[in-house]
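Next up, coords_34.pdb (PDB, C-alpha atoms, pLDDT in the B column):
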ATOM      1  CA  MET A  39     112.592  63.626 -48.078  1.00 24.00           C
ATOM      2  CA  SER A  40     115.813  65.267 -49.209  1.00 27.00           C
ATOM      3  CA  VAL A  41     116.213  67.788 -51.985  1.00 27.00           C
ATOM      4  CA  ASN A  42     119.429  68.398 -53.864  1.00 31.00           C
ATOM      5  CA  ASN A  43     119.101  72.142 -54.088  1.00 34.00           C
ATOM      6  CA  THR A  44     121.267  74.727 -52.366  1.00 37.00           C
ATOM      7  CA  GLU A  45     118.904  77.663 -52.777  1.00 48.00           C
ATOM      8  CA  PRO A  46     117.494  78.819 -49.403  1.00 47.00           C
ATOM      9  CA  GLY A  47     113.898  77.800 -48.846  1.00 52.00           C
ATOM     10  CA  THR A  48     113.917  74.887 -51.284  1.00 54.00           C
ATOM     11  CA  SER A  49     114.217  71.979 -48.873  1.00 57.00           C
ATOM     12  CA  PRO A  50     111.995  70.747 -46.044  1.00 53.00           C
ATOM     13  CA  ASP A  51     114.839  71.536 -43.642  1.00 55.00           C
ATOM     14  CA  ASP A  52     114.774  75.272 -44.269  1.00 70.00           C
ATOM     15  CA  ILE A  53     111.232  75.906 -45.553  1.00 84.00           C
ATOM     16  CA  SER A  54     110.483  77.096 -41.997  1.00 86.00           C
ATOM     17  CA  GLN A  55     112.337  80.311 -42.883  1.00 89.00           C
ATOM     18  CA  SER A  56     109.650  81.049 -45.455  1.00 93.00           C
ATOM     19  CA  VAL A  57     106.623  80.503 -43.176  1.00 95.00           C
ATOM     20  CA  LEU A  58     104.729  83.771 -42.613  1.00 97.00           C
ATOM     21  CA  TYR A  59     101.772  82.357 -40.641  1.00 97.00           C
ATOM     22  CA  GLU A  60     100.851  78.934 -39.334  1.00 96.00           C
ATOM     23  CA  ASP A  61      98.138  77.341 -37.202  1.00 95.00           C
ATOM     24  CA  ASN A  62      96.129  74.101 -37.167  1.00 95.00           C
ATOM     25  CA  HIS A  63      93.966  75.227 -40.088  1.00 96.00           C
ATOM     26  CA  LEU A  64      96.229  76.978 -42.568  1.00 97.00           C
ATOM     27  CA  ILE A  65      99.774  77.959 -43.416  1.00 97.00           C
ATOM     28  CA  ILE A  66     101.027  80.944 -45.418  1.00 97.00           C
ATOM     29  CA  VAL A  67     104.464  80.779 -47.040  1.00 97.00           C
ATOM     30  CA  ASN A  68     106.649  83.304 -48.852  1.00 97.00           C
ATOM     31  CA  LYS A  69     107.268  81.654 -52.229  1.00 96.00           C
ATOM     32  CA  LEU A  70     110.592  82.073 -54.015  1.00 94.00           C
ATOM     33  CA  PRO A  71     110.514  83.034 -57.718  1.00 92.00           C
ATOM     34  CA  SER A  72     111.996  79.656 -58.659  1.00 84.00           C
ATOM     35  CA  GLN A  73     109.332  77.574 -56.923  1.00 91.00           C
ATOM     36  CA  ILE A  74     106.197  76.055 -58.413  1.00 90.00           C
ATOM     37  CA  VAL A  75     103.096  75.823 -56.234  1.00 89.00           C
ATOM     38  CA  GLN A  76     101.814  72.642 -57.895  1.00 76.00           C
ATOM     39  CA  GLY A  77     103.344  70.126 -60.295  1.00 66.00           C
ATOM     40  CA  ASP A  78     103.973  70.901 -63.952  1.00 67.00           C
ATOM     41  CA  LYS A  79     105.662  69.239 -66.915  1.00 68.00           C
ATOM     42  CA  THR A  80     109.135  69.968 -65.503  1.00 68.00           C
ATOM     43  CA  GLY A  81     108.638  67.431 -62.727  1.00 71.00           C
ATOM     44  CA  ASP A  82     110.389  69.776 -60.277  1.00 79.00           C
ATOM     45  CA  ILE A  83     109.576  69.427 -56.604  1.00 86.00           C
ATOM     46  CA  THR A  84     106.675  71.681 -55.629  1.00 91.00           C
ATOM     47  CA  LEU A  85     106.193  74.125 -52.808  1.00 93.00           C
ATOM     48  CA  ALA A  86     103.219  72.027 -51.671  1.00 93.00           C
ATOM     49  CA  GLU A  87     105.460  68.953 -51.354  1.00 93.00           C
ATOM     50  CA  LEU A  88     108.048  70.898 -49.368  1.00 93.00           C
ATOM     51  CA  ILE A  89     105.404  72.178 -46.965  1.00 95.00           C
ATOM     52  CA  LYS A  90     103.947  68.694 -46.496  1.00 94.00           C
ATOM     53  CA  SER A  91     107.393  67.405 -45.575  1.00 93.00           C
ATOM     54  CA  TYR A  92     107.930  70.354 -43.225  1.00 93.00           C
ATOM     55  CA  ILE A  93     104.610  69.702 -41.440  1.00 94.00           C
ATOM     56  CA  LYS A  94     105.268  65.967 -41.238  1.00 93.00           C
ATOM     57  CA  ARG A  95     108.644  66.526 -39.591  1.00 92.00           C
ATOM     58  CA  LYS A  96     107.633  69.373 -37.302  1.00 91.00           C
ATOM     59  CA  TYR A  97     104.586  67.609 -35.870  1.00 88.00           C
ATOM     60  CA  ASN A  98     105.826  64.038 -36.288  1.00 87.00           C
ATOM     61  CA  LYS A  99     102.698  63.170 -38.260  1.00 85.00           C
ATOM     62  CA  PRO A 100     102.208  59.549 -39.346  1.00 85.00           C
ATOM     63  CA  GLY A 101     100.868  58.798 -42.818  1.00 85.00           C
ATOM     64  CA  GLU A 102      99.948  61.296 -45.525  1.00 89.00           C
ATOM     65  CA  VAL A 103      99.744  65.002 -44.633  1.00 92.00           C
ATOM     66  CA  PHE A 104      96.696  66.885 -45.947  1.00 94.00           C
ATOM     67  CA  LEU A 105      97.499  70.171 -47.688  1.00 95.00           C
ATOM     68  CA  GLY A 106      95.069  72.047 -49.917  1.00 95.00           C
ATOM     69  CA  VAL A 107      96.150  74.667 -52.449  1.00 94.00           C
ATOM     70  CA  VAL A 108      93.940  77.741 -52.004  1.00 94.00           C
ATOM     71  CA  HIS A 109      95.457  79.851 -54.801  1.00 91.00           C
ATOM     72  CA  ARG A 110      98.560  79.929 -56.977  1.00 89.00           C
ATOM     73  CA  LEU A 111     101.327  82.236 -58.090  1.00 92.00           C
ATOM     74  CA  ASP A 112     103.069  81.904 -61.447  1.00 91.00           C
ATOM     75  CA  ARG A 113     106.494  80.289 -61.165  1.00 92.00           C
ATOM     76  CA  PRO A 114     108.535  83.490 -61.798  1.00 95.00           C
ATOM     77  CA  VAL A 115     106.447  85.424 -59.238  1.00 96.00           C
ATOM     78  CA  SER A 116     107.338  85.575 -55.531  1.00 97.00           C
ATOM     79  CA  GLY A 117     105.367  86.251 -52.385  1.00 97.00           C
ATOM     80  CA  ALA A 118     102.661  85.081 -50.010  1.00 97.00           C
ATOM     81  CA  VAL A 119     100.691  81.911 -50.819  1.00 97.00           C
ATOM     82  CA  ILE A 120      97.944  80.373 -48.654  1.00 97.00           C
ATOM     83  CA  PHE A 121      97.618  76.617 -48.110  1.00 96.00           C
ATOM     84  CA  ALA A 122      94.866  74.880 -46.116  1.00 96.00           C
ATOM     85  CA  ARG A 123      95.760  72.242 -43.535  1.00 96.00           C
ATOM     86  CA  THR A 124      92.230  70.815 -43.238  1.00 95.00           C
ATOM     87  CA  SER A 125      89.478  70.086 -45.741  1.00 95.00           C
ATOM     88  CA  LYS A 126      87.102  72.346 -43.794  1.00 95.00           C
ATOM     89  CA  SER A 127      89.408  75.341 -44.022  1.00 96.00           C
ATOM     90  CA  LEU A 128      90.095  74.589 -47.698  1.00 97.00           C
ATOM     91  CA  SER A 129      86.400  74.704 -48.626  1.00 97.00           C
ATOM     92  CA  ARG A 130      85.860  77.895 -46.609  1.00 97.00           C
ATOM     93  CA  LEU A 131      88.947  79.623 -48.030  1.00 97.00           C
ATOM     94  CA  ASN A 132      87.943  78.651 -51.564  1.00 96.00           C
ATOM     95  CA  LEU A 133      84.538  80.253 -51.012  1.00 96.00           C
ATOM     96  CA  MET A 134      86.155  83.366 -49.543  1.00 95.00           C
ATOM     97  CA  LEU A 135      88.439  83.606 -52.560  1.00 93.00           C
ATOM     98  CA  LYS A 136      85.465  83.286 -54.919  1.00 91.00           C
ATOM     99  CA  ASN A 137      83.611  86.018 -53.006  1.00 92.00           C
ATOM    100  CA  HIS A 138      86.652  88.357 -53.064  1.00 90.00           C
ATOM    101  CA  GLU A 139      86.957  88.222 -49.275  1.00 94.00           C
ATOM    102  CA  ILE A 140      90.735  87.693 -49.372  1.00 95.00           C
ATOM    103  CA  GLN A 141      92.522  91.002 -49.980  1.00 95.00           C
ATOM    104  CA  LYS A 142      95.760  90.620 -51.937  1.00 94.00           C
ATOM    105  CA  THR A 143      98.284  93.409 -52.456  1.00 97.00           C
ATOM    106  CA  TYR A 144     101.136  93.057 -54.944  1.00 98.00           C
ATOM    107  CA  TRP A 145     104.302  94.980 -55.670  1.00 98.00           C
ATOM    108  CA  ALA A 146     105.553  95.275 -59.240  1.00 98.00           C
ATOM    109  CA  VAL A 147     108.726  96.853 -60.608  1.00 98.00           C
ATOM    110  CA  VAL A 148     108.377  98.414 -64.056  1.00 98.00           C
ATOM    111  CA  GLY A 149     110.871 100.166 -66.301  1.00 96.00           C
ATOM    112  CA  ASN A 150     108.527 102.823 -67.697  1.00 97.00           C
ATOM    113  CA  GLU A 151     106.845 105.523 -65.650  1.00 96.00           C
ATOM    114  CA  PRO A 152     103.075 104.899 -65.537  1.00 97.00           C
ATOM    115  CA  PRO A 153     100.864 107.455 -67.310  1.00 95.00           C
ATOM    116  CA  VAL A 154      99.438 108.655 -63.972  1.00 96.00           C
ATOM    117  CA  GLN A 155     100.634 108.007 -60.431  1.00 96.00           C
ATOM    118  CA  GLU A 156      97.454 106.250 -59.337  1.00 97.00           C
ATOM    119  CA  GLN A 157      94.460 104.813 -61.175  1.00 97.00           C
ATOM    120  CA  SER A 158      92.140 101.859 -61.621  1.00 98.00           C
ATOM    121  CA  LEU A 159      92.583  99.711 -64.708  1.00 98.00           C
ATOM    122  CA  ILE A 160      89.432  98.082 -66.071  1.00 97.00           C
ATOM    123  CA  ASN A 161      89.929  95.793 -69.060  1.00 97.00           C
ATOM    124  CA  TYR A 162      88.647  92.613 -70.631  1.00 97.00           C
ATOM    125  CA  LEU A 163      91.052  89.711 -70.984  1.00 97.00           C
ATOM    126  CA  VAL A 164      91.119  86.627 -73.166  1.00 96.00           C
ATOM    127  CA  ARG A 165      93.386  83.710 -72.285  1.00 96.00           C
ATOM    128  CA  ASN A 166      95.305  81.904 -75.010  1.00 95.00           C
ATOM    129  CA  GLU A 167      95.871  78.413 -73.609  1.00 91.00           C
ATOM    130  CA  GLY A 168      98.433  77.452 -76.257  1.00 91.00           C
ATOM    131  CA  GLN A 169     100.611  80.468 -75.527  1.00 94.00           C
ATOM    132  CA  ASN A 170      99.841  80.506 -71.790  1.00 92.00           C
ATOM    133  CA  LYS A 171      99.209  84.220 -72.155  1.00 95.00           C
ATOM    134  CA  SER A 172      96.342  86.666 -71.658  1.00 96.00           C
ATOM    135  CA  TYR A 173      95.463  89.573 -73.950  1.00 96.00           C
ATOM    136  CA  VAL A 174      93.550  92.800 -73.374  1.00 96.00           C
ATOM    137  CA  VAL A 175      90.597  92.858 -75.811  1.00 96.00           C
ATOM    138  CA  ARG A 176      87.410  94.781 -76.474  1.00 95.00           C
ATOM    139  CA  GLU A 177      84.521  94.359 -74.055  1.00 93.00           C
ATOM    140  CA  ASN A 178      82.277  92.132 -76.168  1.00 91.00           C
ATOM    141  CA  THR A 179      85.030  89.802 -77.360  1.00 93.00           C
ATOM    142  CA  ARG A 180      84.065  86.136 -77.130  1.00 94.00           C
ATOM    143  CA  ASN A 181      85.276  84.393 -73.943  1.00 94.00           C
ATOM    144  CA  SER A 182      86.586  87.650 -72.490  1.00 95.00           C
ATOM    145  CA  GLN A 183      86.512  88.284 -68.748  1.00 96.00           C
ATOM    146  CA  LEU A 184      86.385  91.533 -66.804  1.00 96.00           C
ATOM    147  CA  ALA A 185      89.707  92.357 -65.106  1.00 96.00           C
ATOM    148  CA  GLU A 186      90.073  95.176 -62.622  1.00 96.00           C
ATOM    149  CA  LEU A 187      92.938  96.382 -60.450  1.00 97.00           C
ATOM    150  CA  HIS A 188      94.087  99.569 -58.786  1.00 98.00           C
ATOM    151  CA  TYR A 189      97.726 100.651 -58.805  1.00 98.00           C
ATOM    152  CA  LYS A 190      99.678 103.384 -57.070  1.00 98.00           C
ATOM    153  CA  LEU A 191     103.241 104.537 -57.695  1.00 97.00           C
ATOM    154  CA  ILE A 192     104.958 104.272 -54.287  1.00 97.00           C
ATOM    155  CA  ALA A 193     108.688 104.554 -55.076  1.00 96.00           C
ATOM    156  CA  ARG A 194     111.151 105.207 -57.872  1.00 94.00           C
ATOM    157  CA  SER A 195     114.849 104.915 -58.598  1.00 93.00           C
ATOM    158  CA  GLU A 196     116.954 106.177 -61.489  1.00 91.00           C
ATOM    159  CA  ARG A 197     115.794 103.313 -63.735  1.00 93.00           C
ATOM    160  CA  TYR A 198     112.711 101.713 -62.192  1.00 96.00           C
ATOM    161  CA  TYR A 199     109.318 102.399 -60.665  1.00 97.00           C
ATOM    162  CA  LEU A 200     107.594 100.466 -57.867  1.00 97.00           C
ATOM    163  CA  LEU A 201     103.829 100.035 -58.105  1.00 98.00           C
ATOM    164  CA  GLU A 202     101.539  98.815 -55.337  1.00 98.00           C
ATOM    165  CA  ILE A 203      98.603  96.915 -56.792  1.00 98.00           C
ATOM    166  CA  ASN A 204      95.289  95.869 -55.288  1.00 96.00           C
ATOM    167  CA  LEU A 205      93.441  93.220 -57.232  1.00 92.00           C
ATOM    168  CA  LYS A 206      89.674  93.481 -57.641  1.00 91.00           C
ATOM    169  CA  THR A 207      89.461  90.355 -59.797  1.00 91.00           C
ATOM    170  CA  GLY A 208      91.759  87.359 -60.154  1.00 89.00           C
ATOM    171  CA  ARG A 209      92.279  86.561 -63.835  1.00 93.00           C
ATOM    172  CA  HIS A 210      95.068  84.610 -65.514  1.00 93.00           C
ATOM    173  CA  HIS A 211      98.216  86.790 -65.740  1.00 96.00           C
ATOM    174  CA  GLN A 212      96.000  89.771 -64.965  1.00 97.00           C
ATOM    175  CA  ILE A 213      98.600  92.136 -63.511  1.00 97.00           C
ATOM    176  CA  ARG A 214     101.153  91.234 -66.160  1.00 98.00           C
ATOM    177  CA  ALA A 215      98.714  91.796 -69.041  1.00 98.00           C
ATOM    178  CA  GLN A 216      97.096  94.965 -67.714  1.00 98.00           C
ATOM    179  CA  LEU A 217     100.387  96.690 -66.916  1.00 98.00           C
ATOM    180  CA  ALA A 218     101.764  95.736 -70.326  1.00 98.00           C
ATOM    181  CA  ALA A 219      98.674  97.325 -71.894  1.00 97.00           C
ATOM    182  CA  ILE A 220      99.668 100.724 -70.426  1.00 97.00           C
ATOM    183  CA  ASN A 221     103.276 100.264 -71.622  1.00 97.00           C
ATOM    184  CA  CYS A 222     104.534  99.264 -68.178  1.00 98.00           C
ATOM    185  CA  PRO A 223     105.674  95.651 -68.566  1.00 98.00           C
ATOM    186  CA  ILE A 224     107.097  94.153 -65.384  1.00 98.00           C
ATOM    187  CA  LYS A 225     110.884  93.956 -65.125  1.00 98.00           C
ATOM    188  CA  GLY A 226     112.084  90.617 -66.529  1.00 97.00           C
ATOM    189  CA  ASP A 227     108.714  89.679 -68.056  1.00 97.00           C
ATOM    190  CA  LEU A 228     109.694  88.970 -71.675  1.00 96.00           C
ATOM    191  CA  LYS A 229     106.320  87.360 -72.380  1.00 96.00           C
ATOM    192  CA  TYR A 230     104.589  90.703 -71.811  1.00 97.00           C
ATOM    193  CA  GLY A 231     107.083  93.043 -73.430  1.00 96.00           C
ATOM    194  CA  ALA A 232     109.988  93.591 -71.046  1.00 96.00           C
ATOM    195  CA  PRO A 233     113.176  94.355 -73.032  1.00 95.00           C
ATOM    196  CA  ARG A 234     115.246  91.667 -71.260  1.00 95.00           C
ATOM    197  CA  SER A 235     114.825  88.760 -68.881  1.00 95.00           C
ATOM    198  CA  ASN A 236     116.150  88.512 -65.329  1.00 95.00           C
ATOM    199  CA  ALA A 237     119.179  86.275 -64.970  1.00 92.00           C
ATOM    200  CA  ASN A 238     117.401  83.899 -62.567  1.00 91.00           C
ATOM    201  CA  GLY A 239     114.247  83.608 -64.664  1.00 92.00           C
ATOM    202  CA  SER A 240     112.138  85.613 -62.205  1.00 95.00           C
ATOM    203  CA  ILE A 241     109.969  88.616 -62.884  1.00 97.00           C
ATOM    204  CA  HIS A 242     109.709  91.530 -60.459  1.00 98.00           C
ATOM    205  CA  LEU A 243     106.164  90.813 -59.328  1.00 98.00           C
ATOM    206  CA  HIS A 244     105.672  90.004 -55.637  1.00 98.00           C
ATOM    207  CA  ALA A 245     102.573  89.079 -53.610  1.00 97.00           C
ATOM    208  CA  ARG A 246     103.377  91.551 -50.858  1.00 97.00           C
ATOM    209  CA  LYS A 247     100.420  91.321 -48.462  1.00 97.00           C
ATOM    210  CA  ILE A 248      97.410  89.094 -47.755  1.00 97.00           C
ATOM    211  CA  GLU A 249      94.603  89.978 -45.365  1.00 97.00           C
ATOM    212  CA  PHE A 250      91.386  88.102 -44.537  1.00 97.00           C
ATOM    213  CA  ILE A 251      89.137  86.895 -41.738  1.00 97.00           C
ATOM    214  CA  HIS A 252      90.280  83.501 -40.498  1.00 97.00           C
ATOM    215  CA  PRO A 253      87.795  80.856 -41.726  1.00 95.00           C
ATOM    216  CA  VAL A 254      87.588  79.187 -38.296  1.00 95.00           C
ATOM    217  CA  SER A 255      88.685  81.591 -35.528  1.00 95.00           C
ATOM    218  CA  LYS A 256      87.182  84.652 -37.284  1.00 95.00           C
ATOM    219  CA  ASN A 257      90.198  86.728 -36.272  1.00 97.00           C
ATOM    220  CA  THR A 258      91.896  89.004 -38.812  1.00 97.00           C
ATOM    221  CA  VAL A 259      94.923  87.428 -40.477  1.00 97.00           C
ATOM    222  CA  SER A 260      97.325  89.924 -42.038  1.00 98.00           C
ATOM    223  CA  VAL A 261     100.750  88.918 -43.344  1.00 97.00           C
ATOM    224  CA  THR A 262     103.429  90.829 -45.229  1.00 97.00           C
ATOM    225  CA  ALA A 263     105.975  88.945 -47.325  1.00 97.00           C
ATOM    226  CA  PRO A 264     109.556  90.272 -47.521  1.00 96.00           C
ATOM    227  CA  THR A 265     110.760  90.854 -51.079  1.00 95.00           C
ATOM    228  CA  PRO A 266     113.430  88.533 -52.520  1.00 94.00           C
ATOM    229  CA  PRO A 267     117.102  89.412 -51.892  1.00 91.00           C
ATOM    230  CA  ASP A 268     117.815  91.417 -55.022  1.00 92.00           C
ATOM    231  CA  PRO A 269     119.468  94.839 -55.569  1.00 93.00           C
ATOM    232  CA  VAL A 270     116.470  96.341 -57.391  1.00 94.00           C
ATOM    233  CA  TRP A 271     113.948  95.070 -54.844  1.00 94.00           C
ATOM    234  CA  ASN A 272     116.188  96.214 -51.993  1.00 92.00           C
ATOM    235  CA  ALA A 273     116.618  99.758 -53.330  1.00 91.00           C
ATOM    236  CA  LEU A 274     112.926 100.285 -54.116  1.00 91.00           C
ATOM    237  CA  HIS A 275     111.812  98.675 -50.860  1.00 82.00           C
ATOM    238  CA  ILE A 276     113.939 101.123 -48.888  1.00 77.00           C
ATOM    239  CA  ALA A 277     112.569 104.023 -50.941  1.00 78.00           C
ATOM    240  CA  ALA A 278     108.981 102.827 -50.393  1.00 78.00           C
ATOM    241  CA  VAL A 279     109.183 102.648 -46.603  1.00 70.00           C
ATOM    242  CA  ASN A 280     111.120 105.894 -46.132  1.00 65.00           C
TER     243      ASN A 280
END
Take the structure from the file and write it as structure tokens.
Amino acid sequence: MSVNNTEPGTSPDDISQSVLYEDNHLIIVNKLPSQIVQGDKTGDITLAELIKSYIKRKYNKPGEVFLGVVHRLDRPVSGAVIFARTSKSLSRLNLMLKNHEIQKTYWAVVGNEPPVQEQSLINYLVRNEGQNKSYVVRENTRNSQLAELHYKLIARSERYYLLEINLKTGRHHQIRAQLAAINCPIKGDLKYGAPRSNANGSIHLHARKIEFIHPVSKNTVSVTAPTPPDPVWNALHIAAVN
């Protein structure tokens, strides 16, 4: 398979640069903001297709390559995504995800200083399918779901603030909606109140770290995904680790 795309990480030939972890049972890849995990109405090639082609070439596999999608990231979001390489690991990882046994840490860049440096946000969300958007609502609202996360301010620059976020639940657009509700929309996220979009269509939300017990070996798997090459990410990343 060949892909007419010059962006790094968007062809089977260079997807290996995005692999964070790989064994016979699963593979974890650092998704670019431009990539889609699974197919949508655009018809663009998916990250899953690229990984299948990568596996087929690397291991010289005949026939169709099995690859199961364990979870997804929105297209404008970057960071670590888990895929299963066997049906057994897929079923076990799905159960672990349901039981909140996969710890996911995100980084988000916001333009407004949060009201406090660290706190848990507990809200109820309703998803509007037509708008592909979630709203914070009152607790007893019909079809609402509990959404909980914990954030901590870990770095700042002259214009932006970097939040580290641990998800307690996994709702549709949860981080985007909950941060917008405290007047901290994510940089570039027009849908949730950011003043302007990013030139490349991304938003500054990144799945930074994933940690879990391997579904087969039972060893701890812990991966950290580098942030995309971007001046804002670069500056805040340096500030966060220093």
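Shortest separation to His275 (chain A) among A:Ser235, A:Ser195, A:Leu228, A:Thr207 occurs at residue A:Ser195, atoms counted being all atoms listed in the file.
From CA of Ile220 (chain A) back to CA of Ile276 (chain A), the distance works out to 25.8 Å.
For the structure shown here, the set of residues caught by the PyMOL selection byres ((chain A and resi 133-140) around 9) is Val108, His109, Leu128, Ser129, Arg130, Leu131, Asn132, Gln141, Lys142, Lys206, Thr207, Gly208, Ile248, Glu249, Phe250, Ile251 and Pro253 of chain A.
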Item to complete: Identify, on the basis of all atoms listed in the file, every residue whose closest approach to Asn221 (chain A) does not exceed 10 Å; exclude the query and any residue fewer than 5 positions from it along the same chain; express the result as a PyMOL selection string.
Response: chain A and resi 148-153+215-216+230-232
Worksheet item: Can you tell me, as an NGL selection string, what residues are no more than 8 Å from region 175-190 of chain A when counting only C-alpha atoms, ignoring any on the same chain fewer than 5 positions away?
Response: :A and (155-165 or 201-209 or 212-213)
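Taken over the whole file, the PyMOL selection byres ((chain A and resi 270-272) around 9) covers exactly Val147, Ser195, Tyr198, Leu200, His242, Thr265, Pro266, Pro267, Asp268, Pro269, Ala273, Leu274, His275, Ile276 and Ala277 of chain A.
Put simply, CA of Gly106 (chain A) is 17.2 Å away from CA of Ile53 (chain A).
At a cut-off of 8 Å from (101.8, 88.2, -50.0), the residue set is Asn68, Gly117, Ala118, Val119, Lys142, Thr143, Tyr144, His244, Ala245, Arg246, Lys247, Ile248, Val261, Thr262 and Ala263 of chain A (counting all atoms listed in the file).
The spacing separating CA of Val67 (chain A) from CA of Pro100 (chain A) amounts to 22.7 Å.
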Discussion item. Taking 5 positions as the minimum chain separation for residues in the same chain, which residues sit within 9 Å of His252 (chain A) when counting all atoms listed in the file? Answer as number ranges by chain.
Written reply: A: 127, 131, 257-259
Same residues, C-alpha atoms, saved as a PDB file, keeping the file's coordinate frame:
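Here's the written file part25.pdb:
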ATOM      1  CA  SER A 127      89.408  75.341 -44.022  1.00 96.00           C
ATOM      2  CA  LEU A 131      88.947  79.623 -48.030  1.00 97.00           C
ATOM      3  CA  ASN A 257      90.198  86.728 -36.272  1.00 97.00           C
ATOM      4  CA  THR A 258      91.896  89.004 -38.812  1.00 97.00           C
ATOM      5  CA  VAL A 259      94.923  87.428 -40.477  1.00 97.00           C
TER       6      VAL A 259
END
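Minimum distance to Gly239 (chain A) across A:Asn170, A:Ser116, A:Ser54, A:Thr84 (counting all atoms listed in the file) occurs at A:Ser116.
The shortest atom-to-atom distance to Ile74 (chain A), with all atoms listed in the file taken into account, belongs to A:Arg113 out of A:Lys96, A:Lys90, A:Lys126, A:Arg113.
When all atoms listed in the file are used to compute distances to Val154 (chain A), the closest of the residues A:Asn98, A:Leu191, A:Ser56, A:Glu87 turns out to be A:Leu191.
Of the listed residues (A:Leu58, A:Ser72, A:Ser125, A:Leu217), A:Leu58 comes nearest to Ser260 (chain A); the distances count only C-alpha atoms.
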Item to complete: Write out as an MDAnalysis selection string the residues lying within 6 Å of Arg123 (chain A), counting only C-alpha atoms and excluding same-chain residues fewer than 3 positions away.
Response: chainID A and resid 63:64 104:105
Hey, can you spit out that residue selection with C-alpha atoms as a CSV table (one decimal), keeping the file's coordinate frame?
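And here's part_32.csv as it stands now:
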chain,number,residue,atom,x,y,z
A,63,HIS,CA,94.0,75.2,-40.1
A,64,LEU,CA,96.2,77.0,-42.6
A,104,PHE,CA,96.7,66.9,-45.9
A,105,LEU,CA,97.5,70.2,-47.7
Could you add N, CA and C atoms to region 176-189 of chain A and give me the result as a PDB file, keeping the file's coordinate frame?
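Below you can see out17.pdb, which holds the result:
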ATOM      1  N   ARG A 176      88.606  93.961 -76.607  1.00 95.00           N
ATOM      2  CA  ARG A 176      87.410  94.781 -76.474  1.00 95.00           C
ATOM      3  C   ARG A 176      86.364  94.066 -75.614  1.00 95.00           C
ATOM      4  N   GLU A 177      85.463  94.858 -75.063  1.00 93.00           N
ATOM      5  CA  GLU A 177      84.521  94.359 -74.055  1.00 93.00           C
ATOM      6  C   GLU A 177      83.690  93.174 -74.520  1.00 93.00           C
ATOM      7  N   ASN A 178      83.201  93.179 -75.721  1.00 91.00           N
ATOM      8  CA  ASN A 178      82.277  92.132 -76.168  1.00 91.00           C
ATOM      9  C   ASN A 178      82.975  90.978 -76.878  1.00 91.00           C
ATOM     10  N   THR A 179      84.289  90.893 -76.738  1.00 93.00           N
ATOM     11  CA  THR A 179      85.030  89.802 -77.360  1.00 93.00           C
ATOM     12  C   THR A 179      84.621  88.463 -76.743  1.00 93.00           C
ATOM     13  N   ARG A 180      84.475  87.458 -77.593  1.00 94.00           N
ATOM     14  CA  ARG A 180      84.065  86.136 -77.130  1.00 94.00           C
ATOM     15  C   ARG A 180      85.054  85.577 -76.093  1.00 94.00           C
ATOM     16  N   ASN A 181      84.514  85.019 -75.031  1.00 94.00           N
ATOM     17  CA  ASN A 181      85.276  84.393 -73.943  1.00 94.00           C
ATOM     18  C   ASN A 181      86.095  85.379 -73.115  1.00 94.00           C
ATOM     19  N   SER A 182      85.835  86.667 -73.286  1.00 95.00           N
ATOM     20  CA  SER A 182      86.586  87.650 -72.490  1.00 95.00           C
ATOM     21  C   SER A 182      86.025  87.742 -71.081  1.00 95.00           C
ATOM     22  N   GLN A 183      86.897  88.136 -70.145  1.00 96.00           N
ATOM     23  CA  GLN A 183      86.512  88.284 -68.748  1.00 96.00           C
ATOM     24  C   GLN A 183      86.929  89.652 -68.238  1.00 96.00           C
ATOM     25  N   LEU A 184      86.073  90.242 -67.401  1.00 96.00           N
ATOM     26  CA  LEU A 184      86.385  91.533 -66.804  1.00 96.00           C
ATOM     27  C   LEU A 184      87.585  91.397 -65.871  1.00 96.00           C
ATOM     28  N   ALA A 185      88.528  92.328 -65.974  1.00 96.00           N
ATOM     29  CA  ALA A 185      89.707  92.357 -65.106  1.00 96.00           C
ATOM     30  C   ALA A 185      89.859  93.767 -64.557  1.00 96.00           C
ATOM     31  N   GLU A 186      89.969  93.858 -63.257  1.00 96.00           N
ATOM     32  CA  GLU A 186      90.073  95.176 -62.622  1.00 96.00           C
ATOM     33  C   GLU A 186      91.127  95.150 -61.524  1.00 96.00           C
ATOM     34  N   LEU A 187      91.954  96.189 -61.511  1.00 97.00           N
ATOM     35  CA  LEU A 187      92.938  96.382 -60.450  1.00 97.00           C
ATOM     36  C   LEU A 187      93.124  97.872 -60.214  1.00 97.00           C
ATOM     37  N   HIS A 188      93.743  98.186 -59.095  1.00 98.00           N
ATOM     38  CA  HIS A 188      94.087  99.569 -58.786  1.00 98.00           C
ATOM     39  C   HIS A 188      95.574  99.618 -58.460  1.00 98.00           C
ATOM     40  N   TYR A 189      96.302 100.533 -59.101  1.00 98.00           N
ATOM     41  CA  TYR A 189      97.726 100.651 -58.805  1.00 98.00           C
ATOM     42  C   TYR A 189      98.051 102.054 -58.299  1.00 98.00           C
TER      43      TYR A 189
END
